[in-house]
>>> print(open('target_5.cif').read())   # mmCIF, C-alpha atoms
data_query
#
loop_
_atom_site.group_PDB
_atom_site.id
_atom_site.type_symbol
_atom_site.label_atom_id
_atom_site.label_comp_id
_atom_site.auth_asym_id
_atom_site.auth_seq_id
_atom_site.Cartn_x
_atom_site.Cartn_y
_atom_site.Cartn_z
ATOM 1 C CA MET G 21 4.843 -82.354 -54.870
ATOM 2 C CA ALA G 22 5.047 -78.560 -54.812
ATOM 3 C CA SER G 23 1.261 -78.263 -55.009
ATOM 4 C CA MET G 24 0.902 -80.315 -51.829
ATOM 5 C CA LYS G 25 2.659 -77.806 -49.595
ATOM 6 C CA ASP G 26 2.480 -74.146 -48.649
ATOM 7 C CA VAL G 27 4.919 -71.940 -46.770
ATOM 8 C CA ARG G 28 4.070 -69.061 -44.459
ATOM 9 C CA ALA G 29 6.068 -67.271 -41.795
ATOM 10 C CA GLN G 30 7.716 -70.110 -39.827
ATOM 11 C CA LYS G 31 4.908 -72.491 -40.825
ATOM 12 C CA LEU G 32 5.147 -75.392 -43.224
ATOM 13 C CA ILE G 33 1.634 -76.371 -44.310
ATOM 14 C CA LEU G 34 1.074 -79.693 -46.060
ATOM 15 C CA THR G 35 -2.133 -80.699 -47.806
ATOM 16 C CA ALA G 36 -2.654 -84.386 -47.150
ATOM 17 C CA TYR G 37 -5.783 -84.754 -49.295
ATOM 18 C CA ARG G 38 -6.437 -82.434 -52.242
ATOM 19 C CA ARG G 39 -10.127 -83.119 -52.522
ATOM 20 C CA CYS G 40 -13.200 -82.367 -50.435
ATOM 21 C CA GLU G 41 -15.851 -85.041 -50.822
ATOM 22 C CA PHE G 42 -18.577 -82.592 -49.781
ATOM 23 C CA TRP G 43 -18.105 -80.932 -53.181
ATOM 24 C CA LYS G 44 -19.247 -84.113 -54.921
ATOM 25 C CA GLN G 45 -22.507 -83.912 -52.997
ATOM 26 C CA ARG G 46 -22.756 -80.131 -53.516
ATOM 27 C CA LYS G 47 -22.696 -79.757 -49.744
ATOM 28 C CA GLN G 48 -19.394 -77.931 -49.450
ATOM 29 C CA CYS G 49 -18.999 -74.891 -47.206
ATOM 30 C CA THR G 50 -20.434 -71.986 -49.185
ATOM 31 C CA PHE G 51 -17.411 -69.726 -48.578
ATOM 32 C CA CYS G 52 -14.899 -72.405 -49.594
ATOM 33 C CA ALA G 53 -12.971 -72.588 -52.864
ATOM 34 C CA PHE G 54 -11.093 -75.807 -52.082
ATOM 35 C CA PHE G 55 -11.468 -77.577 -55.394
ATOM 36 C CA THR G 56 -9.406 -79.950 -57.526
ATOM 37 C CA SER G 57 -9.878 -81.869 -60.709
ATOM 38 C CA GLY G 58 -10.463 -85.586 -60.507
ATOM 39 C CA LYS G 59 -7.568 -86.310 -62.845
ATOM 40 C CA THR G 60 -4.794 -86.278 -60.252
ATOM 41 C CA ASP G 61 -4.190 -88.436 -57.200
ATOM 42 C CA PRO G 62 -5.456 -86.337 -54.280
ATOM 43 C CA VAL G 63 -3.440 -88.212 -51.640
ATOM 44 C CA LEU G 64 -0.067 -86.964 -50.418
ATOM 45 C CA ALA G 65 2.304 -89.935 -50.477
ATOM 46 C CA GLU G 66 3.921 -90.789 -47.143
ATOM 47 C CA SER G 67 7.387 -90.740 -48.721
ATOM 48 C CA ASP G 68 6.799 -87.264 -50.161
ATOM 49 C CA ALA G 69 5.624 -85.946 -46.799
ATOM 50 C CA ARG G 70 8.665 -87.404 -45.052
ATOM 51 C CA GLU G 71 11.074 -85.950 -47.631
ATOM 52 C CA ILE G 72 9.472 -82.485 -47.547
ATOM 53 C CA VAL G 73 9.813 -82.280 -43.771
ATOM 54 C CA GLU G 74 13.309 -83.777 -43.863
ATOM 55 C CA ALA G 75 14.397 -80.990 -46.216
ATOM 56 C CA ALA G 76 12.617 -78.331 -44.154
ATOM 57 C CA ILE G 77 14.345 -79.145 -40.868
ATOM 58 C CA LYS G 78 17.727 -78.778 -42.546
ATOM 59 C CA GLU G 79 17.099 -75.021 -42.459
ATOM 60 C CA PRO G 80 17.606 -74.123 -38.764
ATOM 61 C CA GLY G 81 15.175 -71.468 -37.585
ATOM 62 C CA ARG G 82 13.224 -71.406 -40.854
ATOM 63 C CA PHE G 83 10.187 -73.282 -39.545
ATOM 64 C CA SER G 84 8.796 -73.598 -36.041
ATOM 65 C CA GLU G 85 5.708 -75.736 -36.647
ATOM 66 C CA LEU G 86 4.147 -78.114 -39.155
ATOM 67 C CA TYR G 87 0.507 -77.923 -40.203
ATOM 68 C CA PHE G 88 -1.429 -80.709 -41.900
ATOM 69 C CA SER G 89 -4.794 -80.179 -43.514
ATOM 70 C CA GLY G 90 -6.857 -81.212 -46.515
ATOM 71 C CA GLY G 91 -10.330 -81.740 -47.874
ATOM 72 C CA SER G 92 -12.942 -83.647 -45.878
ATOM 73 C CA ASP G 93 -13.662 -87.337 -46.437
ATOM 74 C CA SER G 94 -16.372 -88.698 -44.138
ATOM 75 C CA SER G 95 -16.256 -92.259 -45.510
ATOM 76 C CA GLY G 96 -15.552 -95.317 -43.356
ATOM 77 C CA SER G 97 -17.292 -97.678 -40.955
ATOM 78 C CA ILE G 98 -17.648 -94.629 -38.711
ATOM 79 C CA PRO G 99 -17.571 -91.075 -40.135
ATOM 80 C CA PHE G 100 -14.068 -89.925 -41.144
ATOM 81 C CA GLU G 101 -12.410 -93.283 -40.403
ATOM 82 C CA ASN G 102 -10.698 -93.468 -43.808
ATOM 83 C CA GLU G 103 -9.506 -89.880 -43.506
ATOM 84 C CA VAL G 104 -8.004 -90.504 -40.074
ATOM 85 C CA ASN G 105 -6.258 -93.669 -41.288
ATOM 86 C CA ARG G 106 -4.732 -91.608 -44.095
ATOM 87 C CA TYR G 107 -3.536 -88.890 -41.730
ATOM 88 C CA ILE G 108 -2.051 -91.441 -39.332
ATOM 89 C CA ARG G 109 0.000 -93.076 -42.102
ATOM 90 C CA ILE G 110 1.327 -89.720 -43.308
ATOM 91 C CA LEU G 111 2.052 -88.386 -39.816
ATOM 92 C CA GLN G 112 3.857 -91.579 -38.853
ATOM 93 C CA ALA G 113 6.062 -91.189 -41.931
ATOM 94 C CA VAL G 114 6.810 -87.566 -41.022
ATOM 95 C CA GLY G 115 7.546 -88.636 -37.455
ATOM 96 C CA GLN G 116 10.541 -90.622 -38.694
ATOM 97 C CA ASN G 117 12.375 -87.289 -38.859
ATOM 98 C CA PHE G 118 12.013 -86.803 -35.093
ATOM 99 C CA SER G 119 12.929 -88.700 -31.942
ATOM 100 C CA GLY G 120 9.633 -88.088 -30.161
ATOM 101 C CA ARG G 121 6.686 -85.743 -30.392
ATOM 102 C CA PHE G 122 7.150 -82.890 -32.824
ATOM 103 C CA PRO G 123 5.459 -79.459 -33.142
ATOM 104 C CA CYS G 124 2.658 -80.257 -35.545
ATOM 105 C CA ARG G 125 -0.999 -79.277 -35.735
ATOM 106 C CA LEU G 126 -3.660 -81.253 -37.557
ATOM 107 C CA MET G 127 -6.406 -79.005 -38.963
ATOM 108 C CA ALA G 128 -9.301 -81.327 -39.678
ATOM 109 C CA PRO G 129 -12.986 -82.034 -38.963
ATOM 110 C CA ALA G 130 -14.309 -82.748 -35.478
ATOM 111 C CA TYR G 131 -13.726 -86.496 -35.273
ATOM 112 C CA PRO G 132 -15.431 -89.001 -32.973
ATOM 113 C CA ILE G 133 -13.416 -89.206 -29.760
ATOM 114 C CA GLU G 134 -12.142 -92.735 -30.470
ATOM 115 C CA LEU G 135 -10.487 -91.476 -33.655
ATOM 116 C CA VAL G 136 -8.990 -88.506 -31.802
ATOM 117 C CA ARG G 137 -7.445 -90.898 -29.282
ATOM 118 C CA ARG G 138 -5.929 -92.925 -32.115
ATOM 119 C CA ILE G 139 -4.329 -89.813 -33.610
ATOM 120 C CA ARG G 140 -2.842 -88.877 -30.251
ATOM 121 C CA GLN G 141 -1.596 -92.392 -29.482
ATOM 122 C CA GLU G 142 -0.352 -93.422 -32.923
ATOM 123 C CA THR G 143 1.329 -90.202 -34.084
ATOM 124 C CA GLY G 144 3.705 -87.649 -32.597
ATOM 125 C CA ILE G 145 1.697 -84.482 -33.238
ATOM 126 C CA THR G 146 1.139 -82.010 -30.419
ATOM 127 C CA SER G 147 -2.093 -80.210 -31.316
ATOM 128 C CA TYR G 148 -5.402 -80.609 -33.118
ATOM 129 C CA SER G 149 -7.692 -77.996 -34.669
ATOM 130 C CA PRO G 150 -11.270 -79.001 -35.580
ATOM 131 C CA ASN G 151 -12.308 -75.712 -37.206
ATOM 132 C CA ILE G 152 -15.946 -74.859 -36.596
ATOM 133 C CA GLU G 153 -15.855 -72.094 -39.269
ATOM 134 C CA LEU G 154 -18.847 -70.079 -37.928
ATOM 135 C CA ALA G 155 -19.495 -69.135 -34.303
ATOM 136 C CA ASP G 156 -23.244 -68.760 -34.798
ATOM 137 C CA CYS G 157 -25.247 -72.007 -34.922
ATOM 138 C CA ALA G 158 -27.710 -70.872 -37.606
ATOM 139 C CA MET G 159 -24.876 -69.582 -39.779
ATOM 140 C CA PHE G 160 -22.967 -72.866 -39.367
ATOM 141 C CA GLU G 161 -26.017 -74.795 -40.552
ATOM 142 C CA ARG G 162 -26.472 -72.467 -43.525
ATOM 143 C CA ARG G 163 -22.827 -72.058 -44.556
ATOM 144 C CA CYS G 164 -21.546 -75.594 -43.841
ATOM 145 C CA PRO G 165 -24.287 -78.007 -45.006
ATOM 146 C CA GLY G 166 -22.014 -81.046 -45.313
ATOM 147 C CA LYS G 167 -20.393 -80.644 -41.916
ATOM 148 C CA ASN G 168 -23.767 -79.903 -40.392
ATOM 149 C CA GLU G 169 -25.273 -83.068 -41.860
ATOM 150 C CA VAL G 170 -22.435 -85.392 -40.818
ATOM 151 C CA VAL G 171 -21.576 -83.834 -37.440
ATOM 152 C CA GLY G 172 -23.792 -80.852 -36.561
ATOM 153 C CA TYR G 173 -23.013 -77.658 -34.645
ATOM 154 C CA ASP G 174 -23.603 -78.903 -31.097
ATOM 155 C CA GLU G 175 -21.763 -82.175 -31.684
ATOM 156 C CA TRP G 176 -18.878 -80.317 -33.334
ATOM 157 C CA ILE G 177 -18.439 -78.252 -30.174
ATOM 158 C CA ASN G 178 -18.896 -81.318 -27.966
ATOM 159 C CA ARG G 179 -16.182 -83.239 -29.840
ATOM 160 C CA THR G 180 -13.866 -80.239 -29.687
ATOM 161 C CA LEU G 181 -14.193 -80.095 -25.900
ATOM 162 C CA LYS G 182 -13.581 -83.841 -25.602
ATOM 163 C CA ALA G 183 -10.466 -83.480 -27.750
ATOM 164 C CA ALA G 184 -9.048 -81.083 -25.145
ATOM 165 C CA ASP G 185 -9.201 -83.938 -22.632
ATOM 166 C CA VAL G 186 -7.078 -86.030 -24.998
ATOM 167 C CA PHE G 187 -4.496 -83.457 -26.138
ATOM 168 C CA GLY G 188 -4.588 -81.300 -23.025
ATOM 169 C CA ALA G 189 -5.731 -77.731 -22.374
ATOM 170 C CA GLY G 190 -4.153 -75.233 -24.740
ATOM 171 C CA HIS G 191 -3.365 -77.879 -27.369
ATOM 172 C CA VAL G 192 -6.749 -77.943 -29.090
ATOM 173 C CA TYR G 193 -7.849 -75.111 -31.354
ATOM 174 C CA SER G 194 -10.818 -74.153 -33.467
ATOM 175 C CA GLN G 195 -11.084 -71.464 -36.107
ATOM 176 C CA ILE G 196 -13.773 -69.197 -37.496
ATOM 177 C CA VAL G 197 -13.920 -67.620 -40.955
ATOM 178 C CA ASP G 198 -14.494 -63.985 -40.090
ATOM 179 C CA GLY G 199 -16.749 -62.114 -42.483
ATOM 180 C CA ALA G 200 -18.598 -65.105 -43.928
ATOM 181 C CA GLU G 201 -21.360 -64.563 -41.375
ATOM 182 C CA LEU G 202 -21.952 -60.989 -42.566
ATOM 183 C CA VAL G 203 -22.872 -61.689 -46.188
ATOM 184 C CA GLY G 204 -25.592 -63.549 -48.034
ATOM 185 C CA GLU G 205 -28.886 -64.873 -46.755
ATOM 186 C CA GLY G 206 -29.426 -64.553 -43.006
ATOM 187 C CA ALA G 207 -26.359 -62.341 -42.558
ATOM 188 C CA LEU G 208 -25.625 -61.104 -39.046
ATOM 189 C CA THR G 209 -24.979 -57.495 -38.134
ATOM 190 C CA VAL G 210 -21.487 -56.376 -37.171
ATOM 191 C CA GLU G 211 -22.536 -56.156 -33.522
ATOM 192 C CA GLN G 212 -24.089 -59.639 -33.560
ATOM 193 C CA ALA G 213 -21.023 -61.155 -35.206
ATOM 194 C CA LEU G 214 -18.579 -59.584 -32.753
ATOM 195 C CA GLU G 215 -20.686 -60.606 -29.767
ATOM 196 C CA THR G 216 -21.096 -64.186 -31.023
ATOM 197 C CA ASN G 217 -17.390 -64.583 -31.774
ATOM 198 C CA LEU G 218 -16.259 -63.323 -28.379
ATOM 199 C CA LYS G 219 -18.865 -65.427 -26.579
ATOM 200 C CA LEU G 220 -17.635 -68.601 -28.296
ATOM 201 C CA CYS G 221 -14.029 -67.599 -27.635
ATOM 202 C CA GLU G 222 -14.654 -67.338 -23.899
ATOM 203 C CA PHE G 223 -16.701 -70.544 -23.822
ATOM 204 C CA PHE G 224 -13.919 -72.482 -25.541
ATOM 205 C CA ALA G 225 -11.269 -70.912 -23.313
ATOM 206 C CA ASP G 226 -13.200 -72.040 -20.251
ATOM 207 C CA HIS G 227 -12.789 -75.603 -21.553
ATOM 208 C CA GLY G 228 -9.136 -75.408 -22.588
ATOM 209 C CA VAL G 229 -9.698 -74.663 -26.289
ATOM 210 C CA ILE G 230 -8.164 -71.694 -28.141
ATOM 211 C CA LEU G 231 -10.300 -69.987 -30.774
ATOM 212 C CA LEU G 232 -8.514 -68.594 -33.828
ATOM 213 C CA SER G 233 -9.771 -66.647 -36.817
ATOM 214 C CA THR G 234 -9.025 -66.174 -40.482
ATOM 215 C CA ILE G 235 -10.413 -63.552 -42.851
ATOM 216 C CA TRP G 236 -12.913 -64.679 -45.472
ATOM 217 C CA ARG G 237 -12.040 -63.615 -48.994
ATOM 218 C CA PRO G 238 -14.528 -63.836 -51.878
ATOM 219 C CA HIS G 239 -13.710 -66.348 -54.605
ATOM 220 C CA ARG G 240 -15.563 -66.951 -57.848
ATOM 221 C CA ALA G 241 -15.371 -70.730 -57.343
ATOM 222 C CA SER G 242 -17.185 -70.642 -53.998
ATOM 223 C CA ARG G 243 -20.958 -70.791 -53.574
ATOM 224 C CA LEU G 244 -20.910 -67.243 -52.204
ATOM 225 C CA GLY G 245 -18.974 -66.173 -55.282
ATOM 226 C CA MET G 246 -17.609 -62.655 -55.500
ATOM 227 C CA THR G 247 -19.942 -61.325 -52.829
ATOM 228 C CA LYS G 248 -18.859 -58.003 -51.391
ATOM 229 C CA MET G 249 -16.729 -58.450 -48.298
ATOM 230 C CA ALA G 250 -17.838 -57.488 -44.815
ATOM 231 C CA PRO G 251 -17.495 -53.771 -43.963
ATOM 232 C CA LEU G 252 -14.092 -52.497 -42.907
ATOM 233 C CA GLU G 253 -15.624 -51.462 -39.578
ATOM 234 C CA TYR G 254 -16.050 -55.128 -38.683
ATOM 235 C CA TYR G 255 -12.427 -56.068 -39.302
ATOM 236 C CA VAL G 256 -11.147 -52.988 -37.468
ATOM 237 C CA GLN G 257 -13.207 -53.830 -34.394
ATOM 238 C CA LEU G 258 -12.373 -57.522 -34.690
ATOM 239 C CA ALA G 259 -8.649 -56.741 -34.823
ATOM 240 C CA ALA G 260 -9.020 -54.718 -31.634
ATOM 241 C CA TRP G 261 -10.892 -57.568 -29.958
ATOM 242 C CA ILE G 262 -8.366 -60.150 -31.068
ATOM 243 C CA GLY G 263 -5.469 -57.995 -29.966
ATOM 244 C CA TYR G 264 -6.943 -57.217 -26.565
ATOM 245 C CA ALA G 265 -10.013 -59.100 -25.391
ATOM 246 C CA TRP G 266 -9.175 -62.461 -26.941
ATOM 247 C CA ASN G 267 -5.613 -62.503 -25.627
ATOM 248 C CA ILE G 268 -6.824 -61.374 -22.203
ATOM 249 C CA ILE G 269 -9.246 -64.310 -22.169
ATOM 250 C CA ARG G 270 -6.518 -66.727 -23.225
ATOM 251 C CA SER G 271 -4.099 -65.441 -20.600
ATOM 252 C CA GLN G 272 -6.793 -65.639 -17.912
ATOM 253 C CA TYR G 273 -7.276 -69.309 -18.693
ATOM 254 C CA TYR G 274 -3.525 -69.902 -19.168
ATOM 255 C CA LEU G 275 -4.036 -70.957 -22.778
ATOM 256 C CA LEU G 276 -1.133 -68.995 -24.216
ATOM 257 C CA GLU G 277 2.092 -70.825 -24.987
ATOM 258 C CA PRO G 278 4.292 -71.172 -21.851
ATOM 259 C CA LYS G 279 7.015 -68.938 -23.305
ATOM 260 C CA VAL G 280 4.414 -66.253 -24.057
ATOM 261 C CA ILE G 281 3.054 -66.467 -20.516
ATOM 262 C CA ILE G 282 6.602 -66.138 -19.134
ATOM 263 C CA VAL G 283 7.253 -63.072 -21.293
ATOM 264 C CA MET G 284 3.932 -61.550 -20.201
ATOM 265 C CA ILE G 285 4.768 -62.198 -16.537
ATOM 266 C CA ILE G 286 8.204 -60.611 -16.957
ATOM 267 C CA ILE G 287 6.761 -57.572 -18.745
ATOM 268 C CA ARG G 288 4.013 -57.125 -16.163
ATOM 269 C CA THR G 289 6.495 -57.565 -13.302
ATOM 270 C CA ILE G 290 8.866 -54.983 -14.765
ATOM 271 C CA SER G 291 5.934 -52.639 -15.399
ATOM 272 C CA ALA G 292 4.740 -53.094 -11.820
ATOM 273 C CA VAL G 293 8.228 -52.383 -10.439
ATOM 274 C CA ILE G 294 8.590 -49.267 -12.600
ATOM 275 C CA PHE G 295 5.115 -48.091 -11.635
ATOM 276 C CA ALA G 296 5.835 -48.681 -7.946
ATOM 277 C CA ALA G 297 9.144 -46.790 -8.209
ATOM 278 C CA LEU G 298 7.485 -43.862 -9.983
ATOM 279 C CA LEU G 299 4.636 -43.820 -7.487
ATOM 280 C CA THR G 300 7.089 -43.897 -4.579
ATOM 281 C CA LYS G 301 9.066 -41.032 -6.098
ATOM 282 C CA LEU G 302 5.936 -39.003 -6.741
ATOM 283 C CA LEU G 303 4.729 -39.573 -3.192
ATOM 284 C CA ALA G 304 8.139 -38.706 -1.781
ATOM 285 C CA ASP G 305 8.317 -35.560 -3.882
ATOM 286 C CA GLY G 306 4.775 -34.704 -2.907
ATOM 287 C CA LEU G 307 5.462 -35.187 0.784
ATOM 288 C CA ALA G 308 8.672 -33.233 0.533
ATOM 289 C CA LYS G 309 6.930 -30.362 -1.200
ATOM 290 C CA ALA G 310 4.107 -30.519 1.309
ATOM 291 C CA GLY G 311 6.653 -30.358 4.138
ATOM 292 C CA VAL G 312 8.354 -27.329 2.610
ATOM 293 C CA LEU G 313 5.035 -25.588 2.096
ATOM 294 C CA ASN G 314 3.916 -26.383 5.621
ATOM 295 C CA ALA G 315 7.185 -25.109 7.040
ATOM 296 C CA TYR G 316 6.944 -21.992 4.896
ATOM 297 C CA ALA G 317 3.337 -21.430 5.940
ATOM 298 C CA LEU G 318 4.239 -21.924 9.592
ATOM 299 C CA GLY G 319 7.104 -19.464 9.307
ATOM 300 C CA GLN G 320 4.879 -16.954 7.623
ATOM 301 C CA GLU G 321 2.263 -17.407 10.311
ATOM 302 C CA LYS G 322 4.807 -16.782 13.085
ATOM 303 C CA SER G 323 6.200 -13.665 11.447
ATOM 304 C CA GLN G 324 2.831 -12.226 10.422
ATOM 305 C CA PRO G 325 1.577 -9.427 12.775
ATOM 306 C CA MET G 326 -1.822 -10.123 14.291
ATOM 307 C CA ASP G 327 -4.818 -8.122 13.229
ATOM 308 C CA GLU G 328 -5.714 -5.283 15.570
ATOM 309 C CA ASP G 329 -9.183 -6.554 16.342
ATOM 310 C CA LEU G 330 -7.839 -9.960 17.320
ATOM 311 C CA SER G 331 -5.123 -8.435 19.519
ATOM 312 C CA ASP G 332 -7.672 -6.256 21.129
ATOM 313 C CA ALA G 333 -9.928 -9.208 21.771
ATOM 314 C CA SER G 334 -7.094 -11.191 23.326
ATOM 315 C CA ALA G 335 -6.117 -8.240 25.488
ATOM 316 C CA ASN G 336 -9.621 -8.040 26.836
#
>>> encode(input="target_5.cif", output="structure tokens")
Amino acid sequence: MASMKDVRAQKLILTAYRRCEFWKQRKQCTFCAFFTSGKTDPVLAESDAREIVEAAIKEPGRFSELYFSGGSDSSGSIPFENEVNRYIRILQAVGQNFSGRFPCRLMAPAYPIELVRRIRQETGITSYSPNIELADCAMFERRCPGKNEVVGYDEWINRTLKAADVFGAGHVYSQIVDGAELVGEGALTVEQALETNLKLCEFFADHGVILLSTIWRPHRASRLGMTKMAPLEYYVQLAAWIGYAWNIIRSQYYLLEPKVIIVMIIIRTISAVIFAALLTKLLADGLAKAGVLNAYALGQEKSQPMDEDLSDASAN
């Protein structure tokens, strides 16, 4: 059971399916190292999922959100039907620990909209993240051959936008693997990658979708292997963009969490009040000083004897 879960800061991540069927076809994402042997059952049992979450919520404040993910399985009467059925069973079991909807994100492929509606209606999760992996279309086609064959870049984006209509603006995410577009055949330049990422971020934000990112790390088991990572310059600039431009975009489209928006409003209001107070004080001090100087200048002018030529001119 331990191998089916992962723990990060306030996140409990459960792997519902420890196998990616694209690997069987040698069409896995070239940066991915998600591999398992065929000797173990890849499916997370519903009872195990329920018990893991039951134990987790007994630690108040330890976790704030659940994440479910796993390898891709496009089988079924329509693509990904079997995978969605599996997720629904597991999420329903986990939902027995809660009285209603619970903070949980499903990180999965871009499903047909009818399957997305089923997930929303039949489970209690609150968000969905169909990760597009690469912002650039050509790089998506090159780096994600299986996903490109089953769904395709344009359809992946189209399904992501439709999902926002089902889950609501700010509750649908997508993620890119930063750095994977800068190595190997057809690699982009740093400038191209940054521009493409920000462009997709703003496009998604305009449609109620939040774009996230994760850093690509070389792995010997991936198709890219131990390729040298992207230059440090890229990650430095990307961090600056994420910390400033991306959050500005999200706040403009009100895609930040409500509590974050409230905090931002409070901070900006306090900053505005402080700025106004300082400006008022500076203006008051400036006017006061100007008044003193004017009075001093006027006094000096009155006490200053007139030049002889001017007095002579006035006398004439």
>>> residues_around(input="target_5.cif", residues="G:Gln30", least_positions_apart="6", cutoff="6 Å", atoms="only C-alpha atoms", output="list in words")
Arg82, Phe83 and Ser84 of chain G
>>> closest_residue(input="target_5.cif", among="G:Met159, G:Pro129, G:Cys164, G:Ile196", to="G:Trp176", atoms="all atoms listed in the file")
G:Pro129
>>> resolve_selection(input="target_5.cif", expression="the PyMOL selection byres ((chain G and resi 136) around 12)", output="PyMOL selection string")
chain G and resi 100-101+103-105+107-108+126+128-135+137-143+145+147-150+179-187+192
>>> write_last_selection(input="target_5.cif", atoms="C-alpha atoms", output="mmCIF file, keeping the file's coordinate frame")
data_model
loop_
_atom_site.group_PDB
_atom_site.id
_atom_site.type_symbol
_atom_site.label_atom_id
_atom_site.label_comp_id
_atom_site.auth_asym_id
_atom_site.auth_seq_id
_atom_site.Cartn_x
_atom_site.Cartn_y
_atom_site.Cartn_z
ATOM 1 C CA PHE G 100 -14.068 -89.925 -41.144
ATOM 2 C CA GLU G 101 -12.410 -93.283 -40.403
ATOM 3 C CA GLU G 103 -9.506 -89.880 -43.506
ATOM 4 C CA VAL G 104 -8.004 -90.504 -40.074
ATOM 5 C CA ASN G 105 -6.258 -93.669 -41.288
ATOM 6 C CA TYR G 107 -3.536 -88.890 -41.730
ATOM 7 C CA ILE G 108 -2.051 -91.441 -39.332
ATOM 8 C CA LEU G 126 -3.660 -81.253 -37.557
ATOM 9 C CA ALA G 128 -9.301 -81.327 -39.678
ATOM 10 C CA PRO G 129 -12.986 -82.034 -38.963
ATOM 11 C CA ALA G 130 -14.309 -82.748 -35.478
ATOM 12 C CA TYR G 131 -13.726 -86.496 -35.273
ATOM 13 C CA PRO G 132 -15.431 -89.001 -32.973
ATOM 14 C CA ILE G 133 -13.416 -89.206 -29.760
ATOM 15 C CA GLU G 134 -12.142 -92.735 -30.470
ATOM 16 C CA LEU G 135 -10.487 -91.476 -33.655
ATOM 17 C CA ARG G 137 -7.445 -90.898 -29.282
ATOM 18 C CA ARG G 138 -5.929 -92.925 -32.115
ATOM 19 C CA ILE G 139 -4.329 -89.813 -33.610
ATOM 20 C CA ARG G 140 -2.842 -88.877 -30.251
ATOM 21 C CA GLN G 141 -1.596 -92.392 -29.482
ATOM 22 C CA GLU G 142 -0.352 -93.422 -32.923
ATOM 23 C CA THR G 143 1.329 -90.202 -34.084
ATOM 24 C CA ILE G 145 1.697 -84.482 -33.238
ATOM 25 C CA SER G 147 -2.093 -80.210 -31.316
ATOM 26 C CA TYR G 148 -5.402 -80.609 -33.118
ATOM 27 C CA SER G 149 -7.692 -77.996 -34.669
ATOM 28 C CA PRO G 150 -11.270 -79.001 -35.580
ATOM 29 C CA ARG G 179 -16.182 -83.239 -29.840
ATOM 30 C CA THR G 180 -13.866 -80.239 -29.687
ATOM 31 C CA LEU G 181 -14.193 -80.095 -25.900
ATOM 32 C CA LYS G 182 -13.581 -83.841 -25.602
ATOM 33 C CA ALA G 183 -10.466 -83.480 -27.750
ATOM 34 C CA ALA G 184 -9.048 -81.083 -25.145
ATOM 35 C CA ASP G 185 -9.201 -83.938 -22.632
ATOM 36 C CA VAL G 186 -7.078 -86.030 -24.998
ATOM 37 C CA PHE G 187 -4.496 -83.457 -26.138
ATOM 38 C CA VAL G 192 -6.749 -77.943 -29.090
#
>>> atom_distance(input="target_5.cif", atom1="atom CA of G:Lys248", atom2="atom CA of G:Phe54")
19.4 Å
>>> atom_distance(input="target_5.cif", atom1="atom CA of G:Leu232", atom2="atom CA of G:Pro165")
21.5 Å
>>> resolve_selection(input="target_5.cif", expression="the PyMOL selection byres ((chain G and resi 223) around 12)", output="PDB file with C-alpha atoms, keeping the file's coordinate frame")
ATOM      1  CA  ALA G 155     -19.495 -69.135 -34.303  1.00  0.00           C
ATOM      2  CA  ILE G 177     -18.439 -78.252 -30.174  1.00  0.00           C
ATOM      3  CA  ASN G 178     -18.896 -81.318 -27.966  1.00  0.00           C
ATOM      4  CA  THR G 180     -13.866 -80.239 -29.687  1.00  0.00           C
ATOM      5  CA  LEU G 181     -14.193 -80.095 -25.900  1.00  0.00           C
ATOM      6  CA  SER G 194     -10.818 -74.153 -33.467  1.00  0.00           C
ATOM      7  CA  THR G 216     -21.096 -64.186 -31.023  1.00  0.00           C
ATOM      8  CA  ASN G 217     -17.390 -64.583 -31.774  1.00  0.00           C
ATOM      9  CA  LEU G 218     -16.259 -63.323 -28.379  1.00  0.00           C
ATOM     10  CA  LYS G 219     -18.865 -65.427 -26.579  1.00  0.00           C
ATOM     11  CA  LEU G 220     -17.635 -68.601 -28.296  1.00  0.00           C
ATOM     12  CA  CYS G 221     -14.029 -67.599 -27.635  1.00  0.00           C
ATOM     13  CA  GLU G 222     -14.654 -67.338 -23.899  1.00  0.00           C
ATOM     14  CA  PHE G 224     -13.919 -72.482 -25.541  1.00  0.00           C
ATOM     15  CA  ALA G 225     -11.269 -70.912 -23.313  1.00  0.00           C
ATOM     16  CA  ASP G 226     -13.200 -72.040 -20.251  1.00  0.00           C
ATOM     17  CA  HIS G 227     -12.789 -75.603 -21.553  1.00  0.00           C
ATOM     18  CA  GLY G 228      -9.136 -75.408 -22.588  1.00  0.00           C
ATOM     19  CA  VAL G 229      -9.698 -74.663 -26.289  1.00  0.00           C
ATOM     20  CA  ILE G 230      -8.164 -71.694 -28.141  1.00  0.00           C
ATOM     21  CA  LEU G 231     -10.300 -69.987 -30.774  1.00  0.00           C
ATOM     22  CA  TRP G 266      -9.175 -62.461 -26.941  1.00  0.00           C
ATOM     23  CA  ILE G 269      -9.246 -64.310 -22.169  1.00  0.00           C
ATOM     24  CA  ARG G 270      -6.518 -66.727 -23.225  1.00  0.00           C
ATOM     25  CA  TYR G 273      -7.276 -69.309 -18.693  1.00  0.00           C
TER      26      TYR G 273
END
>>> residues_around(input="target_5.cif", residues="stretch 43-52 of chain G", least_positions_apart="4", cutoff="12 Å", atoms="all atoms listed in the file", output="JSON, numbers by chain")
{"G": [38, 39, 56, 57, 58, 91, 92, 93, 94, 152, 153, 154, 159, 160, 161, 162, 163, 164, 165, 166, 167, 168, 169, 170, 196, 197, 198, 199, 200, 201, 202, 203, 204, 205, 235, 236, 237, 238, 239, 240, 241, 242, 243, 244, 245, 246, 247, 249]}
>>> resolve_selection(input="target_5.cif", expression="the PyMOL selection byres ((chain G and resi 88) around 9)", output="ChimeraX atom specification")
/G:32-36,86-87,89-90,107,111,124-128
>>> atom_distance(input="target_5.cif", atom1="atom CA of G:Arg109", atom2="atom CA of G:Asp68")
12.0 Å
